[in-house]
file entry.txt (compact mmCIF, C-alpha atoms)
# COMPACT_ATOMS: atom_id res chain seq x y z
CA MET A 1 135.99 19.00 278.29
CA THR A 2 135.54 15.30 277.91
CA SER A 3 132.10 13.77 277.58
CA SER A 4 131.04 11.09 280.00
CA PRO A 5 130.79 7.57 278.56
CA GLU A 6 127.39 6.17 277.64
CA PRO A 7 125.93 4.07 280.44
CA THR A 8 126.22 0.34 279.87
CA PRO A 9 122.78 -1.21 279.26
CA SER A 10 121.66 -3.56 282.01
CA PRO A 11 121.50 -7.30 281.20
CA ALA A 12 117.71 -7.19 281.52
CA ARG A 13 117.47 -4.34 279.01
CA GLU A 14 119.79 -6.14 276.61
CA ARG A 15 117.58 -9.24 276.81
CA ARG A 16 114.46 -7.18 276.11
CA GLN A 17 116.14 -5.57 273.10
CA ARG A 18 117.17 -8.96 271.73
CA VAL A 19 113.67 -10.31 272.21
CA GLN A 20 112.14 -7.27 270.50
CA ALA A 21 114.58 -7.59 267.61
CA ALA A 22 113.76 -11.28 267.21
CA GLU A 23 110.02 -10.54 267.31
CA THR A 24 110.36 -7.89 264.60
CA GLY A 25 112.48 -10.19 262.46
CA MET A 26 109.92 -12.96 262.75
CA ALA A 27 107.11 -10.51 261.96
CA VAL A 28 108.91 -9.52 258.75
CA LEU A 29 109.49 -13.16 257.78
CA LYS A 30 105.89 -14.16 258.54
CA GLY A 31 104.63 -11.09 256.72
CA LEU A 32 106.52 -12.15 253.62
CA ALA A 33 104.97 -15.61 253.88
CA HIS A 34 101.46 -14.16 254.31
CA LEU A 35 101.94 -12.09 251.17
CA GLY A 36 102.51 -15.23 249.14
CA GLY A 37 106.24 -15.56 249.74
CA ARG A 38 107.20 -12.63 247.53
CA SER A 39 106.71 -8.89 247.99
CA SER A 40 108.06 -5.41 247.40
CA LEU A 41 109.60 -3.53 250.30
CA THR A 42 106.74 -1.03 250.27
CA ALA A 43 104.01 -3.67 250.45
CA LEU A 44 105.82 -5.67 253.12
CA SER A 45 106.41 -2.58 255.26
CA ALA A 46 102.76 -1.67 255.07
CA HIS A 47 101.76 -5.23 255.95
CA VAL A 48 103.87 -5.33 259.14
CA SER A 49 103.20 -1.65 260.00
CA GLU A 50 106.88 -0.71 260.14
CA SER A 51 108.94 1.87 258.25
CA PRO A 52 110.61 0.72 255.00
CA ALA A 53 114.04 1.62 256.43
CA LYS A 54 113.50 -0.60 259.46
CA VAL A 55 112.10 -3.50 257.42
CA HIS A 56 115.02 -3.20 254.99
CA ARG A 57 117.50 -3.65 257.86
CA TYR A 58 115.77 -6.81 258.99
CA LEU A 59 115.55 -8.13 255.44
CA ALA A 60 119.30 -7.64 255.09
CA SER A 61 119.86 -9.80 258.19
CA LEU A 62 117.43 -12.45 256.94
CA MET A 63 119.24 -12.50 253.59
CA GLU A 64 122.54 -13.15 255.35
CA GLU A 65 120.99 -16.26 256.89
CA GLY A 66 119.52 -17.49 253.60
CA LEU A 67 115.95 -17.05 254.82
CA VAL A 68 115.18 -14.33 252.27
CA LEU A 69 116.48 -13.60 248.77
CA GLN A 70 116.02 -10.59 246.47
CA ASP A 71 115.14 -10.63 242.79
CA ALA A 72 117.72 -8.52 240.95
CA ALA A 73 115.29 -7.48 238.21
CA SER A 74 112.21 -6.52 240.23
CA GLN A 75 113.96 -5.84 243.57
CA HIS A 76 111.21 -7.88 245.22
CA TYR A 77 112.06 -10.04 248.21
CA TYR A 78 111.11 -13.71 248.40
CA LEU A 79 111.54 -16.66 250.73
CA GLY A 80 114.98 -18.23 250.50
CA THR A 81 116.32 -21.76 250.58
CA GLU A 82 116.61 -21.93 254.37
CA ALA A 83 112.99 -20.84 254.78
CA ILE A 84 111.93 -23.51 252.31
CA GLN A 85 113.85 -26.16 254.27
CA ILE A 86 112.12 -25.09 257.49
CA GLY A 87 108.73 -25.30 255.75
CA LEU A 88 109.47 -28.75 254.36
CA ALA A 89 110.50 -30.02 257.78
CA ALA A 90 107.27 -28.68 259.28
CA MET A 91 105.20 -30.30 256.53
CA ARG A 92 106.88 -33.68 257.05
CA GLN A 93 105.89 -33.73 260.71
CA ALA A 94 102.36 -32.39 260.17
CA ASP A 95 100.03 -35.12 261.42
CA PRO A 96 96.26 -34.61 261.25
CA ILE A 97 95.65 -37.17 263.98
CA ARG A 98 97.99 -35.42 266.41
CA ALA A 99 96.54 -32.03 265.46
CA ALA A 100 92.98 -33.24 266.06
CA GLU A 101 93.56 -34.92 269.43
CA PRO A 102 93.22 -31.79 271.61
CA CYS A 103 90.19 -30.77 269.54
CA LEU A 104 88.46 -34.06 270.33
CA ILE A 105 89.16 -33.64 274.02
CA ARG A 106 87.74 -30.12 274.05
CA LEU A 107 84.60 -31.28 272.23
CA ARG A 108 84.14 -34.21 274.58
CA GLU A 109 84.53 -32.05 277.68
CA SER A 110 82.56 -29.00 276.53
CA LEU A 111 79.67 -30.77 274.81
CA GLU A 112 79.79 -34.19 276.54
CA VAL A 113 79.50 -35.97 273.19
CA THR A 114 81.25 -38.88 271.57
CA CYS A 115 83.68 -37.66 268.95
CA PHE A 116 86.36 -39.04 266.67
CA VAL A 117 88.72 -38.21 263.84
CA ALA A 118 88.75 -40.22 260.61
CA VAL A 119 91.02 -40.33 257.56
CA MET A 120 90.38 -41.75 254.09
CA GLY A 121 91.53 -45.34 253.92
CA ASN A 122 91.46 -47.82 251.04
CA LYS A 123 87.95 -48.95 251.96
CA GLY A 124 86.56 -45.56 252.96
CA PRO A 125 86.58 -43.12 255.90
CA THR A 126 88.33 -44.92 258.75
CA ILE A 127 88.24 -43.92 262.44
CA VAL A 128 91.73 -43.46 263.86
CA ARG A 129 91.08 -41.69 267.19
CA PHE A 130 88.01 -41.97 269.42
CA GLU A 131 86.89 -40.04 272.52
CA GLU A 132 83.88 -40.76 274.73
CA PRO A 133 82.26 -38.72 277.53
CA GLY A 134 81.64 -40.04 281.04
CA LEU A 135 78.26 -41.41 279.96
CA PRO A 136 78.97 -42.67 276.44
CA VAL A 137 76.36 -43.30 273.80
CA THR A 138 76.23 -46.94 272.76
CA VAL A 139 77.37 -47.06 269.13
CA ASN A 140 78.89 -49.90 267.18
CA VAL A 141 81.88 -47.90 265.90
CA ARG A 142 85.42 -47.83 267.23
CA VAL A 143 88.96 -47.17 266.08
CA GLY A 144 89.36 -49.01 262.78
CA SER A 145 85.67 -48.81 261.84
CA VAL A 146 85.01 -47.82 258.22
CA MET A 147 82.17 -45.34 257.82
CA SER A 148 79.62 -45.10 255.02
CA MET A 149 80.33 -42.54 252.31
CA LEU A 150 76.66 -41.69 251.78
CA TRP A 151 74.87 -42.22 255.08
CA SER A 152 77.39 -41.13 257.71
CA ALA A 153 78.24 -37.49 258.43
CA THR A 154 81.93 -38.43 258.24
CA GLY A 155 81.60 -39.92 254.77
CA ARG A 156 79.50 -37.03 253.52
CA ALA A 157 82.11 -34.54 254.68
CA PHE A 158 84.78 -36.35 252.67
CA LEU A 159 82.42 -36.73 249.72
CA GLY A 160 81.52 -33.06 249.63
CA LEU A 161 84.93 -31.55 250.21
CA LEU A 162 87.58 -33.99 248.99
CA ASP A 163 87.82 -34.04 245.20
CA GLU A 164 89.25 -37.49 244.54
CA SER A 165 88.09 -40.09 242.05
CA ARG A 166 88.22 -42.91 244.63
CA VAL A 167 85.85 -40.97 246.91
CA LEU A 168 83.28 -40.67 244.14
CA ALA A 169 83.82 -44.30 243.17
CA LEU A 170 83.12 -45.49 246.72
CA ALA A 171 79.98 -43.34 246.88
CA GLU A 172 78.72 -44.67 243.55
CA GLN A 173 79.37 -48.23 244.66
CA GLU A 174 77.38 -47.67 247.86
CA LEU A 175 74.57 -46.09 245.90
CA GLY A 176 74.42 -49.09 243.59
CA ASP A 177 74.22 -51.50 246.53
CA ALA A 178 71.66 -49.47 248.50
CA THR A 179 68.16 -50.71 249.26
CA PRO A 180 65.16 -48.73 247.99
CA ASP A 181 64.53 -47.44 251.53
CA MET A 182 68.09 -46.14 251.80
CA ARG A 183 67.98 -44.52 248.37
CA ALA A 184 64.75 -42.81 249.34
CA GLN A 185 66.72 -40.75 251.89
CA LEU A 186 68.65 -39.08 249.04
CA ASP A 187 67.71 -36.77 246.21
CA ALA A 188 65.97 -38.75 243.49
CA LYS A 189 67.53 -36.99 240.47
CA ASP A 190 71.10 -36.35 241.61
CA PRO A 191 71.72 -38.11 244.94
CA ILE A 192 75.50 -37.72 245.09
CA GLY A 193 75.64 -34.28 243.51
CA GLU A 194 73.01 -32.85 245.86
CA LEU A 195 74.82 -34.25 248.91
CA ARG A 196 78.05 -32.60 247.80
CA ARG A 197 76.35 -29.26 247.23
CA GLU A 198 74.74 -29.33 250.68
CA VAL A 199 78.04 -30.11 252.42
CA ARG A 200 79.93 -27.42 250.53
CA GLN A 201 77.32 -24.82 251.31
CA ALA A 202 77.31 -25.62 255.04
CA GLY A 203 81.03 -26.31 255.41
CA CYS A 204 80.11 -29.48 257.31
CA ALA A 205 77.90 -32.57 257.07
CA SER A 206 74.95 -33.52 259.26
CA VAL A 207 72.87 -36.68 259.60
CA LYS A 208 69.93 -37.76 261.72
CA ASP A 209 69.04 -41.47 262.01
CA THR A 210 70.50 -42.23 258.57
CA TYR A 211 73.53 -44.41 259.36
CA LEU A 212 72.76 -45.64 262.87
CA ARG A 213 69.15 -45.58 264.04
CA GLY A 214 68.70 -43.22 266.99
CA ILE A 215 72.05 -41.54 266.37
CA SER A 216 72.71 -38.07 264.93
CA ALA A 217 76.08 -36.63 263.97
CA VAL A 218 77.88 -33.63 262.51
CA ALA A 219 81.29 -33.69 260.83
CA ALA A 220 83.70 -31.01 259.60
CA PRO A 221 86.87 -31.20 257.49
CA VAL A 222 90.46 -30.70 258.61
CA TYR A 223 92.58 -29.12 255.85
CA ASP A 224 96.33 -29.41 255.39
CA TYR A 225 98.80 -26.75 254.22
CA ALA A 226 97.83 -27.37 250.58
CA GLY A 227 94.13 -26.81 251.23
CA ARG A 228 93.31 -30.52 250.89
CA VAL A 229 91.02 -32.37 253.29
CA SER A 230 93.33 -34.62 255.31
CA ALA A 231 90.87 -35.73 258.01
CA VAL A 232 87.35 -35.22 259.33
CA ILE A 233 86.30 -34.51 262.91
CA THR A 234 82.90 -35.93 263.88
CA ALA A 235 80.68 -35.53 266.94
CA LEU A 236 77.70 -37.82 267.54
CA GLY A 237 75.02 -38.49 270.12
CA ALA A 238 71.57 -39.90 270.78
CA THR A 239 69.12 -38.16 268.49
CA GLY A 240 66.80 -37.08 271.30
CA GLY A 241 69.46 -34.94 272.97
CA PHE A 242 71.74 -34.07 270.08
CA ASP A 243 71.16 -31.07 267.80
CA PRO A 244 72.50 -31.91 264.31
CA ALA A 245 71.52 -28.57 262.74
CA VAL A 246 74.38 -27.17 260.64
CA ASP A 247 73.88 -23.76 262.27
CA GLY A 248 73.43 -25.17 265.78
CA PRO A 249 75.89 -25.03 268.68
CA ILE A 250 77.31 -28.52 268.15
CA ALA A 251 78.03 -28.01 264.45
CA THR A 252 79.50 -24.58 265.22
CA ALA A 253 81.84 -26.11 267.81
CA VAL A 254 82.88 -28.95 265.50
CA ARG A 255 83.68 -26.51 262.68
CA ARG A 256 85.64 -24.33 265.10
CA GLU A 257 87.75 -27.25 266.31
CA ALA A 258 88.31 -28.49 262.76
CA ARG A 259 89.62 -25.02 261.87
CA ALA A 260 91.93 -25.14 264.90
CA ALA A 261 93.37 -28.47 263.74
CA SER A 262 93.70 -27.12 260.20
CA THR A 263 95.68 -24.14 261.48
CA LEU A 264 98.14 -26.51 263.18
CA LEU A 265 98.64 -28.23 259.80
CA GLY A 266 99.43 -24.92 258.09
CA ALA A 267 96.11 -24.37 256.34
CA ALA A 268 95.37 -20.81 255.29
CA ALA A 269 93.02 -18.99 257.64
call {"tool": "encode", "arguments": {"input": "entry.txt", "output": "structure tokens"}}
result
Amino acid sequence: MTSSPEPTPSPARERRQRVQAAETGMAVLKGLAHLGGRSSLTALSAHVSESPAKVHRYLASLMEEGLVLQDAASQHYYLGTEAIQIGLAAMRQADPIRAAEPCLIRLRESLEVTCFVAVMGNKGPTIVRFEEPGLPVTVNVRVGSVMSMLWSATGRAFLGLLDESRVLALAEQELGDATPDMRAQLDAKDPIGELRREVRQAGCASVKDTYLRGISAVAAPVYDYAGRVSAVITALGATGGFDPAVDGPIATAVRREARAASTLLGAAA
């Protein structure tokens, strides 16, 4: 008695199987990356919630493509040359301005505030993208404007979270040129150090009538794949209708959008 042949899978089923296989393969590759780029089979299987036998099959396929390699001594798997090339290509095209643009639009539309993204230039924090609501607040800053290191929320965010000698040098220069009234706004014993501690504790910077009279602002950092501050997103508005509290809704939204931009640049969650 002859057995009947297995039914031929339908094209739709074959497509689903290919998609599922690709999804599992990508989950294994991303799992390896999330574990630091190197892992044992046991740890990786647990991380992706799949059996070791199944993960091993996918690792074998990834090794054939040069995306994964295996250490002969420890038997651990690690990211291969092809994976590194993909990562390098992604890093070369990572642009904090492009990553922040949709974040600015969401802030403008949801909060109806003026917002911008700034990067560190030779002379200080420099605005590179600017968004205004339908009824903008009149402020004398635009694309290309250089912000204060000590009295703007943007500058304070860079000062508190970007460890670079030029940032400290710019802050010290501003402090030396400040009037007594301006210095009185800062801590008397350790003006720069106290500012940095406040920003680090809050994860953002906030000002009220310090840089522009009648204007308040909050600013949060955008991190790149290396964990370095590459830009700062700032929202500002007229002091009377703008809540600059670091635990308020505006600061919460700005931090959330800065994290979204950071994720696009490959920053760790």
call {"tool": "closest_residue", "arguments": {"input": "entry.txt", "among": "A:Glu109, A:Ala83, A:Thr114, A:Val143", "to": "A:Ile127", "atoms": "only C-alpha atoms"}}
result
A:Val143
call {"tool": "atom_distance", "arguments": {"input": "entry.txt", "atom1": "atom CA of A:Ala258", "atom2": "atom CA of A:Arg197"}}
result
19.6 Å
call {"tool": "atom_distance", "arguments": {"input": "entry.txt", "atom1": "atom CA of A:Thr24", "atom2": "atom CA of A:Glu64"}}
result
16.2 Å
call {"tool": "atom_distance", "arguments": {"input": "entry.txt", "atom1": "atom CA of A:Ala100", "atom2": "atom CA of A:Arg259"}}
result
9.8 Å
call {"tool": "residues_near_point", "arguments": {"input": "entry.txt", "point": "(92.3, -32.0, 258.8)", "cutoff": "7 Å", "atoms": "only C-alpha atoms", "output": "ChimeraX atom specification"}}
result
/A:96,221-224,229-232,258,261-262
call {"tool": "write_last_selection", "arguments": {"input": "entry.txt", "atoms": "C-alpha atoms", "output": "PDB file, in the coordinates of the input"}}
result
ATOM      1  CA  PRO A  96      96.260 -34.610 261.250  1.00  0.00           C
ATOM      2  CA  PRO A 221      86.870 -31.200 257.490  1.00  0.00           C
ATOM      3  CA  VAL A 222      90.460 -30.700 258.610  1.00  0.00           C
ATOM      4  CA  TYR A 223      92.580 -29.120 255.850  1.00  0.00           C
ATOM      5  CA  ASP A 224      96.330 -29.410 255.390  1.00  0.00           C
ATOM      6  CA  VAL A 229      91.020 -32.370 253.290  1.00  0.00           C
ATOM      7  CA  SER A 230      93.330 -34.620 255.310  1.00  0.00           C
ATOM      8  CA  ALA A 231      90.870 -35.730 258.010  1.00  0.00           C
ATOM      9  CA  VAL A 232      87.350 -35.220 259.330  1.00  0.00           C
ATOM     10  CA  ALA A 258      88.310 -28.490 262.760  1.00  0.00           C
ATOM     11  CA  ALA A 261      93.370 -28.470 263.740  1.00  0.00           C
ATOM     12  CA  SER A 262      93.700 -27.120 260.200  1.00  0.00           C
TER      13      SER A 262
END
call {"tool": "decode", "arguments": {"input": "entry.txt", "residues": "stretch 192-205 of chain A", "atoms": "all heavy atoms", "output": "PDB file, in the first residue's frame"}}
result
ATOM      1  N   ILE A 192      28.563  76.517  39.234  1.00  0.00           N
ATOM      2  CA  ILE A 192      28.536  75.569  38.117  1.00  0.00           C
ATOM      3  C   ILE A 192      28.277  74.148  38.613  1.00  0.00           C
ATOM      4  O   ILE A 192      27.463  73.406  38.046  1.00  0.00           O
ATOM      5  CB  ILE A 192      29.848  75.642  37.312  1.00  0.00           C
ATOM      6  CG1 ILE A 192      29.953  77.013  36.625  1.00  0.00           C
ATOM      7  CG2 ILE A 192      29.921  74.514  36.291  1.00  0.00           C
ATOM      8  CD1 ILE A 192      31.248  77.227  35.864  1.00  0.00           C
ATOM      9  N   GLY A 193      28.933  73.767  39.684  1.00  0.00           N
ATOM     10  CA  GLY A 193      28.758  72.425  40.224  1.00  0.00           C
ATOM     11  C   GLY A 193      27.340  72.158  40.669  1.00  0.00           C
ATOM     12  O   GLY A 193      26.790  71.074  40.435  1.00  0.00           O
ATOM     13  N   GLU A 194      26.698  73.129  41.295  1.00  0.00           N
ATOM     14  CA  GLU A 194      25.321  72.949  41.763  1.00  0.00           C
ATOM     15  C   GLU A 194      24.358  72.838  40.584  1.00  0.00           C
ATOM     16  O   GLU A 194      23.419  72.035  40.605  1.00  0.00           O
ATOM     17  CB  GLU A 194      24.923  74.118  42.667  1.00  0.00           C
ATOM     18  CG  GLU A 194      23.534  73.993  43.278  1.00  0.00           C
ATOM     19  CD  GLU A 194      23.353  72.732  44.115  1.00  0.00           C
ATOM     20  OE1 GLU A 194      24.365  72.230  44.673  1.00  0.00           O
ATOM     21  OE2 GLU A 194      22.208  72.263  44.222  1.00  0.00           O
ATOM     22  N   LEU A 195      24.582  73.641  39.538  1.00  0.00           N
ATOM     23  CA  LEU A 195      23.753  73.527  38.336  1.00  0.00           C
ATOM     24  C   LEU A 195      23.838  72.130  37.746  1.00  0.00           C
ATOM     25  O   LEU A 195      22.833  71.525  37.375  1.00  0.00           O
ATOM     26  CB  LEU A 195      24.198  74.548  37.283  1.00  0.00           C
ATOM     27  CG  LEU A 195      23.652  75.971  37.371  1.00  0.00           C
ATOM     28  CD1 LEU A 195      24.182  76.794  36.205  1.00  0.00           C
ATOM     29  CD2 LEU A 195      22.133  75.975  37.378  1.00  0.00           C
ATOM     30  N   ARG A 196      25.047  71.605  37.658  1.00  0.00           N
ATOM     31  CA  ARG A 196      25.235  70.279  37.064  1.00  0.00           C
ATOM     32  C   ARG A 196      24.550  69.197  37.900  1.00  0.00           C
ATOM     33  O   ARG A 196      23.927  68.288  37.352  1.00  0.00           O
ATOM     34  CB  ARG A 196      26.733  69.975  36.934  1.00  0.00           C
ATOM     35  CG  ARG A 196      27.494  70.950  36.058  1.00  0.00           C
ATOM     36  CD  ARG A 196      28.922  70.498  35.841  1.00  0.00           C
ATOM     37  NE  ARG A 196      28.973  69.412  34.871  1.00  0.00           N
ATOM     38  CZ  ARG A 196      30.032  68.634  34.687  1.00  0.00           C
ATOM     39  NH1 ARG A 196      31.105  68.789  35.438  1.00  0.00           N
ATOM     40  NH2 ARG A 196      30.002  67.693  33.769  1.00  0.00           N
ATOM     41  N   ARG A 197      24.632  69.315  39.199  1.00  0.00           N
ATOM     42  CA  ARG A 197      23.989  68.327  40.075  1.00  0.00           C
ATOM     43  C   ARG A 197      22.469  68.365  39.910  1.00  0.00           C
ATOM     44  O   ARG A 197      21.803  67.322  39.868  1.00  0.00           O
ATOM     45  CB  ARG A 197      24.389  68.557  41.525  1.00  0.00           C
ATOM     46  CG  ARG A 197      25.822  68.106  41.841  1.00  0.00           C
ATOM     47  CD  ARG A 197      26.100  68.193  43.336  1.00  0.00           C
ATOM     48  NE  ARG A 197      26.241  69.570  43.776  1.00  0.00           N
ATOM     49  CZ  ARG A 197      27.392  70.245  43.778  1.00  0.00           C
ATOM     50  NH1 ARG A 197      28.501  69.671  43.321  1.00  0.00           N
ATOM     51  NH2 ARG A 197      27.445  71.490  44.217  1.00  0.00           N
ATOM     52  N   GLU A 198      21.906  69.563  39.831  1.00  0.00           N
ATOM     53  CA  GLU A 198      20.458  69.695  39.675  1.00  0.00           C
ATOM     54  C   GLU A 198      19.981  69.064  38.366  1.00  0.00           C
ATOM     55  O   GLU A 198      18.959  68.366  38.330  1.00  0.00           O
ATOM     56  CB  GLU A 198      20.073  71.179  39.716  1.00  0.00           C
ATOM     57  CG  GLU A 198      20.214  71.823  41.092  1.00  0.00           C
ATOM     58  CD  GLU A 198      19.923  73.313  41.055  1.00  0.00           C
ATOM     59  OE1 GLU A 198      19.644  73.826  39.941  1.00  0.00           O
ATOM     60  OE2 GLU A 198      19.987  73.974  42.106  1.00  0.00           O
ATOM     61  N   VAL A 199      20.712  69.324  37.286  1.00  0.00           N
ATOM     62  CA  VAL A 199      20.316  68.794  35.980  1.00  0.00           C
ATOM     63  C   VAL A 199      20.424  67.273  35.966  1.00  0.00           C
ATOM     64  O   VAL A 199      19.525  66.572  35.468  1.00  0.00           O
ATOM     65  CB  VAL A 199      21.183  69.414  34.865  1.00  0.00           C
ATOM     66  CG1 VAL A 199      20.928  68.715  33.538  1.00  0.00           C
ATOM     67  CG2 VAL A 199      20.889  70.901  34.747  1.00  0.00           C
ATOM     68  N   ARG A 200      21.487  66.753  36.534  1.00  0.00           N
ATOM     69  CA  ARG A 200      21.665  65.296  36.541  1.00  0.00           C
ATOM     70  C   ARG A 200      20.595  64.607  37.380  1.00  0.00           C
ATOM     71  O   ARG A 200      20.128  63.524  37.033  1.00  0.00           O
ATOM     72  CB  ARG A 200      23.059  64.958  37.055  1.00  0.00           C
ATOM     73  CG  ARG A 200      24.155  65.349  36.072  1.00  0.00           C
ATOM     74  CD  ARG A 200      25.527  65.016  36.576  1.00  0.00           C
ATOM     75  NE  ARG A 200      26.535  65.375  35.585  1.00  0.00           N
ATOM     76  CZ  ARG A 200      27.831  65.166  35.712  1.00  0.00           C
ATOM     77  NH1 ARG A 200      28.294  64.584  36.818  1.00  0.00           N
ATOM     78  NH2 ARG A 200      28.672  65.532  34.760  1.00  0.00           N
ATOM     79  N   GLN A 201      20.219  65.219  38.458  1.00  0.00           N
ATOM     80  CA  GLN A 201      19.195  64.625  39.315  1.00  0.00           C
ATOM     81  C   GLN A 201      17.837  64.600  38.607  1.00  0.00           C
ATOM     82  O   GLN A 201      17.087  63.621  38.700  1.00  0.00           O
ATOM     83  CB  GLN A 201      19.088  65.395  40.623  1.00  0.00           C
ATOM     84  CG  GLN A 201      18.048  64.816  41.587  1.00  0.00           C
ATOM     85  CD  GLN A 201      18.013  65.558  42.918  1.00  0.00           C
ATOM     86  OE1 GLN A 201      18.770  66.499  43.142  1.00  0.00           O
ATOM     87  NE2 GLN A 201      17.141  65.139  43.806  1.00  0.00           N
ATOM     88  N   ALA A 202      17.516  65.660  37.884  1.00  0.00           N
ATOM     89  CA  ALA A 202      16.215  65.769  37.235  1.00  0.00           C
ATOM     90  C   ALA A 202      16.181  65.096  35.866  1.00  0.00           C
ATOM     91  O   ALA A 202      15.106  64.757  35.369  1.00  0.00           O
ATOM     92  CB  ALA A 202      15.813  67.233  37.094  1.00  0.00           C
ATOM     93  N   GLY A 203      17.344  64.934  35.234  1.00  0.00           N
ATOM     94  CA  GLY A 203      17.379  64.400  33.881  1.00  0.00           C
ATOM     95  C   GLY A 203      16.977  65.426  32.841  1.00  0.00           C
ATOM     96  O   GLY A 203      16.780  65.104  31.672  1.00  0.00           O
ATOM     97  N   CYS A 204      16.855  66.682  33.264  1.00  0.00           N
ATOM     98  CA  CYS A 204      16.519  67.774  32.357  1.00  0.00           C
ATOM     99  C   CYS A 204      16.885  69.089  33.039  1.00  0.00           C
ATOM    100  O   CYS A 204      17.272  69.095  34.216  1.00  0.00           O
ATOM    101  CB  CYS A 204      15.032  67.759  31.988  1.00  0.00           C
ATOM    102  SG  CYS A 204      13.923  68.103  33.373  1.00  0.00           S
ATOM    103  N   ALA A 205      16.770  70.184  32.304  1.00  0.00           N
ATOM    104  CA  ALA A 205      17.065  71.510  32.857  1.00  0.00           C
ATOM    105  C   ALA A 205      15.828  72.389  32.732  1.00  0.00           C
ATOM    106  O   ALA A 205      15.041  72.250  31.793  1.00  0.00           O
ATOM    107  CB  ALA A 205      18.234  72.154  32.123  1.00  0.00           C
TER     108      ALA A 205
END
